[in-house]
Every structure is written in C-alpha cells, then in structure tokens.
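Read the structure below first, then the notes.
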Amino acid sequence: MSNNLPEPPLDAASYIHHHLEHWEWKTHLGTFNLDTLLVSWVIGITFLLIFRWVAKRATIETPGLLQNFVELLYEFVQKQVKETFHGRSRLIAPLALTIFVWVFLMNFVDLLPVDILPKTAGLLGASHFKAVPTTDPNLTLGMSLSVFFLILFYSISIKGVGGFLKELTCKPFGGYLFVVNLALKLIEELAKPLSLGLRLFGNLYAGELIFILIALLGYWQWFLGVPWAIFHILVITIQAFIFMMLTIVYLSLASEDH
Amino acid sequence: MDINATLVGQMITFALFVWFTMKFVWPVLEKILKDRQQKISEGLAAAERGHKELEIAQKYAIQHIHEARSKAVDAIEQAKKQAAFIIEQAKIEALKEREQIVSLGHEEIKQERRVAKEQLQNEVVNIAIASAEKLLGRVITEADHKAFLNAETKFRAPEE
C-alpha cells in the first residue's frame with residue numbers, strides 16, 4: 001500500500017484495510033508494531049509523569065484541581081482493591097491504578113477522529129498507523145499475560161508449590177480424578193488471561209471498526225459518529241474498569257488460601 | 001490479528017509502568033491522604049475539645065459572676081451594718097462627751113462659786129475688821145486677835 005491514504009469514498013475496502021494494518025518494524029528479534037508501542041508509551045509516560053508531578057507537589061491543606069482529580073482516582077481504585085482483595089500487598093493497588101488509567105487513556109484514543117493520528121503519522125513517514133493501542137491483541141494479551149504470571153506468583157508464594165499443585169490436581173473432584181481436575185483447572189486458569197485480553201481487544205477493535213465504517217458514510221457520518229462516540233465514552237470506561245476489577249479479583253482468588 | 005514481538009515489548013512496558021506507579025506515585029499519594037485524614041481527625045478532635053473547654057469556661061464564668069454578685073451583696077450589707085454601728089457608736093460617744101462637758105461645767109461653776117464665797121468672806125472679815133477699827137479707834141493687831149479669840153467671843157462667821 002502506498003504512503004498516500006486513499007480517499008474513503010473511492011475505495012472503501014482499502015480504506016478499511018489500511019486502518020487495520022500496523023506500522024511494523026521487522027527486526028531479527030521479531031516484528032514490532034511501532035504504532036502500538038509508541039502510542040502506549042507516549043500515553044503511559046505522560047500519565048505517569050503527570051501523576052508523579054502531582055504526587056510530588058501534593059499538599060495536605062490546599063489540593064489543587066489536578067490533585068483532587070488524582071486523589072479521586074486514587075481513592076476510587078483503593079476502594080475497589082480494599083473491597084475485593086483481602087490480603088496485604090503493596091503491588092495490587094498500584095497495579096490496579098496503572099491498569100485503569102493507562103487502559104482508559106489508550107481506549108480514549110478511540111474517540112479521536114479515525115484519520116487524525118494515521119494522517120499525522122503518514123506525514124511523518126509511517127506507512128500504516130493503527131492508532132488505538134488497545135485494538136492490538138499484542139498489547140491486551142501482553143497485559144493479561146503479565147497478570148497471569150502474577151496470578152501464578154501469588155498462588156505459589158501464598159500457598160506454596162505443594163499447595164498450588166494440590167489445588168491444581170485435587171479440586172473439584174478429589175485426588176483420584178487428578179487428570180480431570182488438572183485438565184479443568186488448566187483450562188480455567190488459562191481462560192483467565194485469554195478472556196481478559198481478548199475482551200478488551202474485542203470491544204475496542206469492534207468500536208474502532210465501527211468508527212471506520214461510519215467514517216465511510218460521507219456527510220451521514222456526523223449523525224452516526226456522535227452518538228456512537230458518546231456511547232463509546234461509556235464503553236471505554238467500562239472496559240478499563242473491567243480489566244482492573246478482574247485483575248484484582250483474579251489476584252485475590254490466587255492469594256486466598258482455602 | 002497476529003501476535004508478534006510487540007507482546008513481549010508491551011509486557012516489559014507494563015511491568016515498568018506498574019513499577020513506576022508502585023515506587024513513585026502510589027506511596028506518595030497514600031501518605032498525603034493518610035496525613036490529611038489524620039490532620040482532619042485531629043482537627044475535629046481539637047474542635048470538640050475546644051467546644052467542651054468553652055462550655056466549662058462558660059460554666060465557670062457564670063459561677064464566678066454569681067459568686068461575685070452574692071459577695072457584693074454581702075459586702076454592701078456588711079458595710080451598711082458597719083455604718084449603722086459606727087453611727088450608733090458615735091452617738092453614744094457624743095452623749096458621753098456631752099455629759100462630761102456638762103459635768104465639767106458644773107464643777108467649774110461650783111469652783112468659781114466657792115472662790116467667790118471665800119473672797120466675799122474675806123471681804124466681809126476685812127470690812128468687819130475695818131469697821132471694828134473705826135469703832136475702836138485703833139489698829140487691831142495679831143495680839144488683839146489672839147486675845148479676842150481666847151476670850152471666847154460669840155462672834156462667828158456664819159456657816160455656809
């Protein structure tokens with residue numbers, strides 16, 4: 001495909017296809033989706049630096065507007081963690097905060113007009129640009145796999161290797177049917193990261209696809225784009241919240257000793 | 001959808017971001033909020049304490065005012081009594097003084113009367129002697145006196 005973006009009404013199929021292709025960088029280590037990486041980094045680093053800046057300048061007596069907002073998020077996340085996760089962990093709450101804000105902001109790119117970032121990137125020399133990082137399964141599965149490893153880590157560190165193996169093999173049917181138990185348990189455990197990652201990916205991918213389709217409608221796009229965008233504000237928030245909540249729930253399940 | 005090396009990149013990114021939040025964002029916010037919570041609860045406690053102290057102080061003040069008022073009333077009462085007593089005392093004193101002055105006057109009058117009487121007596125005696133001398137035609141001397149007195153004359157000065 002050429003560097004020049006095709007005009008939407010002229011060739012719908014190639015327009016859609018163009019928007020769904022990644023800006024790739026092939027190395028001997030593998031292929032990297034530069035668009036996903038760059039957008040997620042820029043967003044993540046901006047978010048973290050702003051939060052760090054606010055936290056450093058935070059005052060007890062006279063919180064500013066931004067500090068209030070950050071504190072609001074902090075208390076929201078802390079409340080969720082406190083209600084769900086009953087163990088003691090210094091990791092879970094910061095993890096949940098990072099997930100919620102980062103995922104929300106990455107989802108938010110979805111609400112930018114579909115052509116803004118790709119065209120800008122095109123001017124800078126990118127052949128393709130899939131702007132919304134959470135529509136890349138590499139990102140969503142990367143996060144959910146990280147969560148999966150945390151689940152393993154928590155299970156083993158709290159229940160011990162023996163306890164964890166026992167849980168894998170002796171439930172729900174007792175020790176004699178350990179093959180069945182193991183198979184069920186493996187499916188259950190593997191389904192967690194898979195569903196976690198694919199849920200976010202699916203929702204955002206579909207949302208972005210619909211935005212692309214709406215963008216093809218010429219003047220009609222205004223009548224459809226606005227309601228869909230408004231509806232999408234809800235979707236991206238809920239998806240970020242679900243990802244955070246499920247992470248907390250999975251980790252609290254993993255660290256509960258039966 | 002194709003999975004490629006981006007997945008690993010994102011896992012590393014994610015880990016770094018979470019580490020950053022855990023290290024540099026969360027604890028700071030946690031501390032700020034905890035400190036504020038403590039400050040607020042301390043402030044509320046202080047306010048409560050202040051309120052109670054104020055109440056106690058008010059009670060004290062009212063009590064003091066009452067005491068002062070009753071003390072003042074007592075003092076006035078006492079002063080009145082004292083004044084009445086002093087007046088009474090003064091009256092008694094004055095009466096005594098008067099009596100004394102009056103009796104002194106009486107005494108003085110008596111004294112003067114006595115003196116006057118003596119003078120009169122002397123004068124009478126002198127006049128008597130003088131008239132006797134005239135009658136006798138000579139000076140009556142001391143010896144005459146004695147002779148006269150020794151002769152047991154009936155001449156006597158009238159008793160008082």
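Residue numbers start at 1 in each chain; chains themselves are named A, B, ... in the order of the structure tokens; ligands are numbered from 1 in the order shown.
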
Counting only C-alpha atoms, chain B residues within 6 Å of chain A, as an NGL selection string: :B and (3-7 or 10-11 or 18 or 21-22 or 25-26 or 28-29 or 36)

Calculated over only C-alpha atoms, which of the candidates A:Leu38, A:Leu111, A:Leu150, A:Leu124 has the smallest distance to A:Glu208? A:Leu111

Where does DSSP see alpha helix (DSSP H) in stretch 107-215 of chain A, if you list the residues as a PyMOL selection string? chain A and resi 107-108+116-123+137-170+178-215

Determine, counting only C-alpha atoms, which protein, DNA and RNA residues have an atom within 8 Å of an atom of A:Trp23; residues of the same chain fewer than 6 positions away are not included. Present the result as number ranges by chain. A: 33-35, 126-130

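Atom pair atom CA of B:Glu48 / atom CA of B:His66: separated by 27.1 Å.
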
Between A:Leu165, A:Val249, A:Leu209, A:Val101, which has the minimum distance to B:Phe17 (counting only C-alpha atoms)?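 Comparing A:Leu165, A:Val249, A:Leu209, A:Val101 against B:Phe17, the winner is A:Val101.
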
Just how far from atom CA of A:Phe173 is atom CA of A:Glu189, in Å to one decimal? 16.7 Å

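One distance worth recording is that between atom CA of A:Gly207 and atom CA of A:Ala240, which is 14.1 Å.
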
Go through A:Ile233, A:Ala131, A:Ser89, A:Val161 one by one, measure the shortest atom-to-atom distance of each to A:Tyr205 using only C-alpha atoms, and give the residue with the smallest value. A:Ala131
